[in-house]
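Okay, start00.cif now, which holds mmCIF, C-alpha atoms and all ligand atoms:
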data_input
#
loop_
_atom_site.label_atom_id
_atom_site.label_comp_id
_atom_site.auth_asym_id
_atom_site.auth_seq_id
_atom_site.Cartn_x
_atom_site.Cartn_y
_atom_site.Cartn_z
CA MET A 121 -7.46 13.10 0.21
CA HIS A 122 -7.82 9.53 -0.95
CA GLU A 123 -11.29 9.32 0.55
CA LEU A 124 -12.57 10.98 -2.63
CA SER A 125 -11.12 8.13 -4.74
CA ILE A 126 -12.73 5.67 -2.34
CA ALA A 127 -16.06 7.51 -2.58
CA THR A 128 -15.81 7.34 -6.39
CA SER A 129 -15.29 3.56 -6.23
CA ILE A 130 -18.28 3.23 -3.91
CA LEU A 131 -20.42 5.30 -6.27
CA GLU A 132 -19.52 2.97 -9.18
CA THR A 133 -20.82 -0.01 -7.21
CA VAL A 134 -23.96 1.86 -6.17
CA GLU A 135 -24.65 2.84 -9.78
CA ALA A 136 -24.25 -0.76 -10.90
CA GLU A 137 -26.71 -1.92 -8.22
CA ALA A 138 -29.15 0.87 -9.17
CA ALA A 139 -29.05 -0.21 -12.83
CA LYS A 140 -30.23 -3.67 -11.74
CA ARG A 141 -33.19 -2.19 -9.84
CA PRO A 142 -34.92 0.45 -11.95
CA GLY A 143 -37.45 2.55 -10.05
CA SER A 144 -36.24 1.75 -6.56
CA ARG A 145 -34.91 4.44 -4.27
CA PHE A 146 -31.72 3.81 -2.29
CA VAL A 147 -31.91 5.25 1.22
CA LYS A 148 -28.98 3.86 3.18
CA LEU A 149 -25.59 2.43 2.32
CA GLY A 150 -23.88 0.18 4.88
CA LEU A 151 -20.08 0.24 4.85
CA ARG A 152 -17.64 -1.79 6.92
CA ILE A 153 -14.34 -0.02 7.55
CA GLY A 154 -11.53 -1.57 9.57
CA GLU A 155 -9.29 0.46 11.84
CA LEU A 156 -6.29 -0.52 9.68
CA ALA A 157 -7.97 0.53 6.43
CA GLY A 158 -6.50 4.02 6.67
CA ILE A 159 -9.86 5.67 6.03
CA ASP A 160 -11.14 8.65 7.98
CA PRO A 161 -14.95 8.18 8.19
CA ASP A 162 -15.60 11.93 8.38
CA ALA A 163 -13.47 12.62 5.31
CA LEU A 164 -15.20 9.79 3.48
CA THR A 165 -18.64 11.14 4.36
CA PHE A 166 -17.57 14.60 3.25
CA GLY A 167 -16.20 13.21 -0.04
CA TRP A 168 -19.35 11.17 -0.58
CA GLU A 169 -21.61 14.19 -0.05
CA ALA A 170 -19.52 16.34 -2.38
CA LEU A 171 -19.55 13.65 -5.05
CA THR A 172 -23.27 12.85 -4.95
CA ARG A 173 -24.63 16.34 -4.32
CA ASP A 174 -26.25 16.79 -7.73
CA THR A 175 -27.04 13.16 -8.40
CA GLU A 176 -29.95 10.83 -7.70
CA PHE A 177 -27.96 9.59 -4.68
CA ALA A 178 -27.82 12.97 -2.93
CA ASN A 179 -29.97 11.62 -0.08
CA LEU A 180 -28.27 8.24 0.22
CA ALA A 181 -26.87 8.20 3.76
CA LEU A 182 -23.72 6.33 4.70
CA ALA A 183 -23.90 4.02 7.72
CA ILE A 184 -20.30 3.26 8.64
CA GLU A 185 -19.52 0.34 10.94
CA GLY A 186 -15.96 0.35 12.29
CA THR A 187 -14.31 -3.04 12.76
CA PRO A 188 -11.41 -3.69 15.15
CA TRP A 189 -7.91 -4.90 14.43
CA LYS A 190 -7.85 -8.65 15.14
CA ASN A 191 -5.00 -11.12 15.13
CA ARG A 192 -4.80 -14.90 15.26
CA CYS A 193 -2.14 -16.88 17.09
CA PRO A 194 -0.46 -19.57 14.94
CA VAL A 195 0.52 -21.55 18.04
CA CYS A 196 -2.68 -21.84 20.10
CA ALA A 197 -5.21 -20.58 17.51
CA SER A 198 -6.57 -17.84 19.82
CA GLU A 199 -8.20 -14.92 18.05
CA PHE A 200 -8.00 -11.59 19.84
CA VAL A 201 -8.51 -7.85 19.39
CA VAL A 202 -5.23 -5.92 19.24
CA LYS A 203 -5.27 -3.05 21.69
CA ASP A 204 -2.52 -0.46 22.12
CA TYR A 205 -0.48 -2.19 19.38
CA GLN A 206 0.06 -5.24 21.58
CA SER A 207 0.04 -8.03 19.03
CA GLN A 208 1.41 -10.66 21.43
CA CYS A 209 -0.98 -13.59 22.04
CA PRO A 210 -2.78 -12.99 25.35
CA ALA A 211 -3.36 -16.73 25.81
CA CYS A 212 0.10 -18.25 25.26
CA GLY A 213 2.48 -15.31 24.86
CA GLU A 214 3.50 -16.00 21.24
CA ALA A 215 4.89 -12.76 19.72
CA ASN A 216 4.47 -13.53 16.04
CA THR A 217 0.71 -13.38 15.41
CA ARG A 218 -1.12 -12.75 12.15
CA CYS A 219 -3.61 -10.06 11.21
CA ILE A 220 -7.05 -11.51 10.40
CA GLY A 221 -9.22 -8.40 10.70
CA GLY A 222 -9.20 -4.63 10.67
CA GLU A 223 -8.34 -4.08 7.00
CA GLU A 224 -11.95 -4.24 5.78
CA LEU A 225 -13.15 -1.67 3.27
CA ASP A 226 -16.42 -3.25 2.21
CA ILE A 227 -19.86 -2.31 1.00
CA ALA A 228 -22.02 -4.50 3.22
CA TYR A 229 -25.60 -3.66 2.23
CA ILE A 230 -27.93 -1.14 0.61
CA GLU A 231 -31.36 -0.29 2.05
CA VAL A 232 -33.94 0.25 -0.66
CA ASP A 233 -37.49 1.54 -0.96
CA GLU A 234 -38.90 -0.82 -3.59
CA PRO A 235 -41.35 0.73 -6.08
CA MET B 232 -37.87 -1.16 3.14
CA THR B 233 -35.59 -3.93 1.85
CA GLN B 234 -31.98 -4.54 2.65
CA ILE B 235 -29.87 -5.83 -0.24
CA GLN B 236 -26.74 -7.67 0.86
CA VAL B 237 -23.98 -6.42 -1.40
CA GLU B 238 -20.79 -7.68 0.32
CA LYS B 239 -18.32 -6.16 -2.12
CA LYS B 240 -14.87 -4.86 -1.46
CA VAL B 241 -14.79 -1.17 -2.35
CA LEU B 242 -11.48 -1.67 -4.11
CA ASN B 243 -12.62 -4.84 -5.84
CA GLU B 244 -11.68 -3.60 -9.29
CA ASN B 245 -8.22 -2.49 -8.18
CA GLN B 246 -7.69 -5.83 -6.48
CA ARG B 247 -8.73 -7.77 -9.58
CA LEU B 248 -6.32 -5.77 -11.74
CA ALA B 249 -3.52 -6.16 -9.15
CA GLU B 250 -3.94 -9.95 -9.21
CA GLU B 251 -3.73 -9.87 -13.01
CA LEU B 252 -0.52 -7.87 -12.80
CA ARG B 253 0.90 -10.22 -10.16
CA ALA B 254 0.20 -13.19 -12.44
CA LYS B 255 2.04 -11.46 -15.29
CA PHE B 256 5.02 -10.58 -13.08
CA ARG B 257 5.12 -14.20 -12.03
CA GLU B 258 4.95 -15.52 -15.56
CA HIS B 259 7.90 -13.34 -16.61
CA ASN B 260 9.86 -13.56 -13.33
CA VAL B 261 9.72 -9.81 -12.65
CA LEU B 262 10.41 -9.06 -8.99
CA THR B 263 8.18 -6.05 -8.20
CA LEU B 264 8.69 -3.86 -5.13
CA ASN B 265 6.41 -1.02 -4.02
CA ILE B 266 8.28 1.61 -1.99
CA ILE B 267 6.18 3.82 0.28
CA SER B 268 7.08 6.70 2.64
CA SER B 269 6.20 10.23 3.65
CA PRO B 270 7.49 12.99 1.34
CA GLY B 271 11.21 13.56 1.84
CA SER B 272 12.09 10.27 3.58
CA GLY B 273 14.43 9.36 0.74
CA LYS B 274 12.68 7.01 -1.69
CA THR B 275 14.31 8.66 -4.70
CA SER B 276 17.69 8.79 -2.94
CA ILE B 277 17.82 5.08 -2.20
CA LEU B 278 16.78 4.30 -5.77
CA GLU B 279 19.59 6.57 -7.01
CA ARG B 280 22.15 4.73 -4.86
CA THR B 281 20.71 1.38 -5.95
CA LEU B 282 20.67 2.09 -9.69
CA GLU B 283 24.15 3.61 -9.45
CA SER B 284 25.51 0.38 -7.98
CA PHE B 285 23.98 -1.91 -10.62
CA ASP B 286 25.89 -3.27 -13.57
CA LYS B 287 24.65 -1.69 -16.82
CA SER B 288 23.43 -5.09 -18.01
CA LYS B 289 20.99 -5.33 -15.08
CA ARG B 290 17.43 -5.58 -16.34
CA VAL B 291 15.86 -3.09 -13.95
CA VAL B 292 13.16 -0.47 -14.55
CA VAL B 293 11.50 2.17 -12.35
CA LEU B 294 8.01 3.64 -12.24
CA THR B 295 7.95 6.72 -10.04
CA GLY B 296 4.77 8.40 -8.88
CA ASP B 297 4.31 12.07 -8.15
CA ILE B 298 1.29 14.30 -7.74
CA GLN B 299 2.63 17.08 -9.98
CA THR B 300 6.17 16.97 -11.29
CA GLU B 301 8.60 14.92 -13.35
CA ASN B 302 11.62 15.71 -11.16
CA ASP B 303 12.10 12.22 -9.70
CA ALA B 304 12.15 10.58 -13.12
CA LYS B 305 14.82 13.07 -14.25
CA ARG B 306 16.97 12.27 -11.20
CA LEU B 307 16.63 8.54 -11.79
CA ALA B 308 17.03 8.52 -15.59
CA ARG B 309 20.70 9.60 -15.24
CA PHE B 310 21.74 6.01 -14.55
CA GLY B 311 20.73 4.72 -17.97
CA PHE B 312 17.92 2.35 -16.95
CA PRO B 313 14.34 2.78 -18.21
CA VAL B 314 12.43 5.14 -15.90
CA LYS B 315 8.90 6.44 -16.29
CA GLN B 316 7.11 9.08 -14.27
CA ILE B 317 3.48 8.56 -13.34
CA VAL B 318 1.98 11.98 -12.71
CA THR B 319 -1.22 11.34 -10.78
CA GLY B 320 -2.63 14.86 -11.18
CA GLY B 321 -3.63 15.33 -7.58
CA THR B 322 -4.26 11.74 -6.52
CA CYS B 323 -2.22 10.82 -3.46
CA HIS B 324 -1.49 7.17 -4.35
CA LEU B 325 -0.79 4.93 -7.32
CA ASP B 326 -3.39 2.35 -8.31
CA ALA B 327 -3.14 -0.86 -10.31
CA LYS B 328 -4.63 0.72 -13.43
CA MET B 329 -1.86 3.36 -13.55
CA ILE B 330 0.76 0.61 -13.27
CA GLU B 331 -0.84 -1.44 -16.04
CA LYS B 332 -1.05 1.58 -18.33
CA HIS B 333 2.55 2.71 -17.79
CA LEU B 334 3.94 -0.80 -18.24
CA ALA B 335 2.06 -1.33 -21.51
CA ASP B 336 5.01 -0.55 -23.79
CA TRP B 337 7.70 -2.27 -21.68
CA PRO B 338 7.86 -5.99 -22.56
CA LEU B 339 7.96 -7.80 -19.21
CA LYS B 340 10.11 -10.56 -20.63
CA ASN B 341 12.97 -8.03 -20.74
CA ILE B 342 12.64 -7.07 -17.07
CA ASP B 343 13.93 -8.82 -13.94
CA LEU B 344 13.31 -6.10 -11.37
CA LEU B 345 10.64 -3.40 -11.21
CA PHE B 346 10.79 -0.69 -8.58
CA ILE B 347 7.62 1.30 -7.98
CA GLU B 348 8.22 4.53 -6.08
CA ASN B 349 4.80 5.41 -4.70
CA VAL B 350 3.51 8.95 -4.07
CA GLY B 351 4.88 10.43 -0.82
CA ASN B 352 2.19 9.47 1.68
CA LEU B 353 1.90 6.80 4.38
CA VAL B 354 -1.88 6.43 4.38
CA CYS B 355 -3.43 6.19 0.94
CA PRO B 356 -0.89 3.92 -0.85
CA SER B 357 -1.44 1.25 1.79
CA SER B 358 -4.97 0.57 0.50
CA TYR B 359 -3.97 -0.05 -3.12
CA ASP B 360 -2.42 -3.34 -4.14
CA LEU B 361 -0.26 -2.82 -7.24
CA GLY B 362 0.47 -6.49 -7.82
CA GLU B 363 3.83 -6.17 -6.07
CA HIS B 364 5.71 -9.02 -4.37
CA ALA B 365 6.46 -6.83 -1.37
CA LYS B 366 5.79 -3.40 0.01
CA ILE B 367 8.76 -1.57 1.53
CA VAL B 368 8.17 1.27 3.95
CA MET B 369 10.79 3.98 4.53
CA LEU B 370 11.14 6.12 7.59
CA SER B 371 13.84 8.72 8.16
CA VAL B 372 15.31 9.88 11.45
CA THR B 373 14.07 13.42 10.82
CA GLU B 374 10.50 12.13 11.32
CA GLY B 375 8.89 10.82 14.54
CA GLU B 376 9.61 7.45 16.18
CA ASP B 377 5.86 7.05 16.63
CA LYS B 378 5.08 6.92 12.89
CA PRO B 379 4.63 3.11 12.95
CA LEU B 380 1.96 3.59 15.64
CA LYS B 381 0.26 6.48 13.84
CA TYR B 382 0.19 4.64 10.52
CA PRO B 383 -0.01 0.97 11.55
CA SER B 384 -1.56 -0.21 8.30
CA ILE B 385 1.45 0.45 6.09
CA PHE B 386 3.95 -0.86 8.67
CA ALA B 387 1.86 -4.01 9.16
CA LYS B 388 1.72 -4.64 5.40
CA SER B 389 5.36 -3.91 4.56
CA GLU B 390 7.88 -6.70 4.52
CA LEU B 391 10.86 -4.43 5.10
CA MET B 392 11.38 -1.11 6.84
CA ILE B 393 14.26 1.03 5.66
CA LEU B 394 15.34 3.48 8.33
CA ASN B 395 17.09 6.25 6.39
CA LYS B 396 19.39 9.19 7.23
CA VAL B 397 21.02 7.36 10.17
CA ASP B 398 24.09 9.59 9.66
CA LEU B 399 21.98 12.37 11.21
CA LEU B 400 21.27 10.43 14.42
CA PRO B 401 23.82 12.37 16.49
CA TYR B 402 22.09 15.66 15.58
CA VAL B 403 18.38 14.84 15.92
CA PRO B 404 16.25 13.80 18.91
CA PHE B 405 15.31 10.50 17.26
CA ASP B 406 15.39 7.26 19.25
CA ALA B 407 16.17 4.56 16.67
CA GLU B 408 15.63 1.71 19.13
CA LEU B 409 12.18 3.03 20.01
CA ALA B 410 11.30 3.42 16.31
CA LYS B 411 12.28 -0.21 15.66
CA GLN B 412 10.39 -1.35 18.74
CA ASN B 413 7.28 0.50 17.50
CA ALA B 414 7.60 -1.02 14.04
CA ARG B 415 7.89 -4.50 15.51
CA ALA B 416 4.95 -3.92 17.87
CA VAL B 417 2.78 -3.32 14.81
CA HIS B 418 4.52 -5.97 12.71
CA PRO B 419 6.25 -8.68 14.74
CA GLY B 420 9.35 -10.03 13.03
CA MET B 421 9.53 -7.19 10.50
CA GLU B 422 12.89 -6.91 8.76
CA ILE B 423 14.63 -3.57 9.22
CA VAL B 424 17.71 -2.13 7.56
CA GLU B 425 19.34 1.10 8.65
CA VAL B 426 20.87 3.16 5.89
CA SER B 427 22.32 6.52 5.01
CA CYS B 428 21.84 7.29 1.35
CA THR B 429 24.25 10.22 1.56
CA LYS B 430 27.08 8.46 3.42
CA GLY B 431 26.45 4.93 2.15
CA ASP B 432 25.96 3.17 5.51
CA GLY B 433 23.82 0.06 5.36
CA LEU B 434 23.47 -0.02 1.59
CA THR B 435 25.19 -3.42 1.52
CA GLN B 436 22.50 -4.84 3.83
CA TRP B 437 19.81 -3.35 1.60
CA MET B 438 21.34 -4.94 -1.51
CA GLU B 439 21.59 -8.25 0.35
CA TRP B 440 17.92 -8.03 1.23
CA LEU B 441 17.13 -7.42 -2.45
CA ASP B 442 19.12 -10.50 -3.50
CA ARG B 443 17.46 -12.63 -0.81
CA LYS B 444 14.02 -11.41 -1.81
CA ALA B 445 14.63 -12.13 -5.50
CA ALA B 446 15.98 -15.61 -4.73
CA ALA B 447 13.09 -16.43 -2.37
CA THR B 448 10.44 -15.14 -4.80
CA PHE B 449 11.69 -17.08 -7.78
CA ARG B 450 12.40 -20.21 -5.76
CA ALA B 451 8.82 -20.15 -4.43
CA GLN B 452 7.54 -19.75 -7.99
CA GLU B 453 9.55 -22.73 -9.23
CA THR B 454 8.28 -25.04 -6.53
CA THR B 455 4.63 -24.10 -7.09
CA ALA B 456 4.86 -23.97 -10.90
ZN ZN A 501 -1.31 -18.25 21.47
#
Could you render the structure from this file as structure tokens?
Ligand SMILES: [Zn+2]
Amino acid sequence: MHELSIATSILETVEAEAAKRPGSRFVKLGLRIGELAGIDPDALTFGWEALTRDTEFANLALAIEGTPWKNRCPVCASEFVVKDYQSQCPACGEANTRCIGGEELDIAYIEVDEP
Amino acid sequence: MTQIQVEKKVLNENQRLAEELRAKFREHNVLTLNIISSPGSGKTSILERTLESFDKSKRVVVLTGDIQTENDAKRLARFGFPVKQIVTGGTCHLDAKMIEKHLADWPLKNIDLLFIENVGNLVCPSSYDLGEHAKIVMLSVTEGEDKPLKYPSIFAKSELMILNKVDLLPYVPFDAELAKQNARAVHPGMEIVEVSCTKGDGLTQWMEWLDRKAAATFRAQETTA
């Protein structure tokens, strides 16, 4: 259950942002989670709700945007979405391509009701 | 309603600490390897075989993670090298802070090689950088060939896959070629060694990989220093 550790790290960032904005109410938290990040969005939401239940963030909803696994070809510079684990370059056939996306685990934005 | 752009990595703090650790390992030439697998794949067994084969003057240490018990540290301490257990108390991965804390009383200048045996789990440890030079993923033939496809993150991030328990291949329905093919679909060009910790097969190749990795790491450091 490492989603609870992740939720705890998210809460630390949210608390730091809240300290900078006294009086404002946070309503939505935008997260970006890549398909290679190893995070189950449902487990994360569950962990988040458990963690914030009795806090000022109990009503802060998570908006999770999933991002795809993307690779880049070192030969022809194509960038492509990896589907069905096929990491071969669809443009030139090069087998050895590099991961450039899909590992995101980011807090993108917070929506706030200003006082 | 206002939207504040935050753009922060959730594991920012872990990452920062991991980079600090990596800089220290670099300064003191400590090759650091983070070994990750499901429970029971044989992380402790390969460390036992490895420590057993080292000369007593080898400057190697082990940090071994476990959710509850100290058993792994006891198994590994028999070989006379410094070993410390990190009991995570329920957490299913090691993080950079735990590594920093448990290394605090081991002077890095006296260490050439640090093995980190992560908690048995293929998912969570893949998110946490520990400042290592390489992650190593282990898979055993008593698991499924499709594990690289089910857990692509850790196979994509690991430099080496150790396929363990190959002595059992005649008795289990495991297709080693398919497993390697799956690993290389997720991670093209991944290095793979096949070993049996009980019978000793492949351990020479594993030790050769270790030597190559140490040489390459320290050579790269010299040229950029
Ligand atoms: Zn290409």
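Reported to one decimal place, the separation of atom CA of Asp162 of chain A from atom CA of Phe146 of chain A is 21.0 Å.
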**Message:** What does the list of residues within 7 Å of ligand ZN 501 (chain A) look like if you count only C-alpha atoms and all ligand atoms, written as a ChimeraX atom specification?
**Reply:** /A:193-198,209-214
Just to be explicit: take each residue in the selection above, keep C-alpha atoms, and write the result as a PDB file, keeping the file's coordinate frame.
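The resulting out39.pdb:
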ATOM      1  CA  CYS A 193      -2.140 -16.880  17.090  1.00  0.00           C
ATOM      2  CA  PRO A 194      -0.460 -19.570  14.940  1.00  0.00           C
ATOM      3  CA  VAL A 195       0.520 -21.550  18.040  1.00  0.00           C
ATOM      4  CA  CYS A 196      -2.680 -21.840  20.100  1.00  0.00           C
ATOM      5  CA  ALA A 197      -5.210 -20.580  17.510  1.00  0.00           C
ATOM      6  CA  SER A 198      -6.570 -17.840  19.820  1.00  0.00           C
ATOM      7  CA  CYS A 209      -0.980 -13.590  22.040  1.00  0.00           C
ATOM      8  CA  PRO A 210      -2.780 -12.990  25.350  1.00  0.00           C
ATOM      9  CA  ALA A 211      -3.360 -16.730  25.810  1.00  0.00           C
ATOM     10  CA  CYS A 212       0.100 -18.250  25.260  1.00  0.00           C
ATOM     11  CA  GLY A 213       2.480 -15.310  24.860  1.00  0.00           C
ATOM     12  CA  GLU A 214       3.500 -16.000  21.240  1.00  0.00           C
TER      13      GLU A 214
END
**Request:** For segment 166-182 of chain A, list every protein, DNA or RNA residue within 10 Å, evaluated using all atoms listed in the file, and leave out those in the same chain fewer than 2 positions away; present the list as a PyMOL selection string.
**Result:** chain A and resi 121-128+130-131+134-135+138+145-151+160-164+184-185+230-232
Residues as selected, C-alpha atoms, written as a compact mmCIF listing (two decimals), in the coordinates of the input, can you do that?
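So the final result, stored in again.txt, reads:
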# COMPACT_ATOMS: atom_id res chain seq x y z
CA MET A 121 -7.46 13.10 0.21
CA HIS A 122 -7.82 9.53 -0.95
CA GLU A 123 -11.29 9.32 0.55
CA LEU A 124 -12.57 10.98 -2.63
CA SER A 125 -11.12 8.13 -4.74
CA ILE A 126 -12.73 5.67 -2.34
CA ALA A 127 -16.06 7.51 -2.58
CA THR A 128 -15.81 7.34 -6.39
CA ILE A 130 -18.28 3.23 -3.91
CA LEU A 131 -20.42 5.30 -6.27
CA VAL A 134 -23.96 1.86 -6.17
CA GLU A 135 -24.65 2.84 -9.78
CA ALA A 138 -29.15 0.87 -9.17
CA ARG A 145 -34.91 4.44 -4.27
CA PHE A 146 -31.72 3.81 -2.29
CA VAL A 147 -31.91 5.25 1.22
CA LYS A 148 -28.98 3.86 3.18
CA LEU A 149 -25.59 2.43 2.32
CA GLY A 150 -23.88 0.18 4.88
CA LEU A 151 -20.08 0.24 4.85
CA ASP A 160 -11.14 8.65 7.98
CA PRO A 161 -14.95 8.18 8.19
CA ASP A 162 -15.60 11.93 8.38
CA ALA A 163 -13.47 12.62 5.31
CA LEU A 164 -15.20 9.79 3.48
CA ILE A 184 -20.30 3.26 8.64
CA GLU A 185 -19.52 0.34 10.94
CA ILE A 230 -27.93 -1.14 0.61
CA GLU A 231 -31.36 -0.29 2.05
CA VAL A 232 -33.94 0.25 -0.66
**Request:** Within 10 Å of Gly420 of chain B, counting only C-alpha atoms, which residues show up once you throw out same-chain ones fewer than 5 positions away? Write them as a count of residues only, please.
**Result:** 7
**Asked** Any idea what the distance is between atom CA of Leu294 of chain B and atom CA of Ser427 of chain B?
**Response** 22.6 Å
Per residue of segment 142-215 of chain A within 7 Å of segment 371-388 of chain B, note the shortest atom pair and the distance in Å to one decimal, counting only C-alpha atoms, and order the rows by chain and increasing residue number, as CSV.
residue,atom,partner,partner_atom,distance
A:Leu156,CA,B:Ser384,CA,4.9
A:Ala157,CA,B:Ser384,CA,6.7
A:Gly158,CA,B:Ser384,CA,6.7
Those selected residues, please, written with C-alpha atoms and delivered as a PDB file, in the coordinates of the input.
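Ended up saving to out18.pdb:
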ATOM      1  CA  LEU A 156      -6.290  -0.520   9.680  1.00  0.00           C
ATOM      2  CA  ALA A 157      -7.970   0.530   6.430  1.00  0.00           C
ATOM      3  CA  GLY A 158      -6.500   4.020   6.670  1.00  0.00           C
TER       4      GLY A 158
END
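Nearest residue to Gly351 of chain B, choosing from B:Glu439, B:Glu422, B:Asp336, B:Asp303 and counting all atoms listed in the file: B:Asp303.
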**Asked** Which residues of chain B are close to chain A, meaning at most 10 Å apart when you count only C-alpha atoms, and how do they look as a PyMOL selection string?
**Response** chain B and resi 232-245+321-324+353-358+379-380+382-385+387-388+413-421
**Request:** Report the distance between atom CA of Lys396 of chain B and atom CA of Glu283 of chain B in Å, rounded to one decimal place.
**Result:**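 So the two atoms, atom CA of Lys396 of chain B and atom CA of Glu283 of chain B, lie 18.2 Å apart.
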**Nearest to Met329 of chain B by atom-to-atom distance, counting only C-alpha atoms, from B:Leu252, B:Ile317, B:Ile423, B:Val261** =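 Residue with the minimum atom-to-atom distance to Met329 of chain B: B:Ile317.
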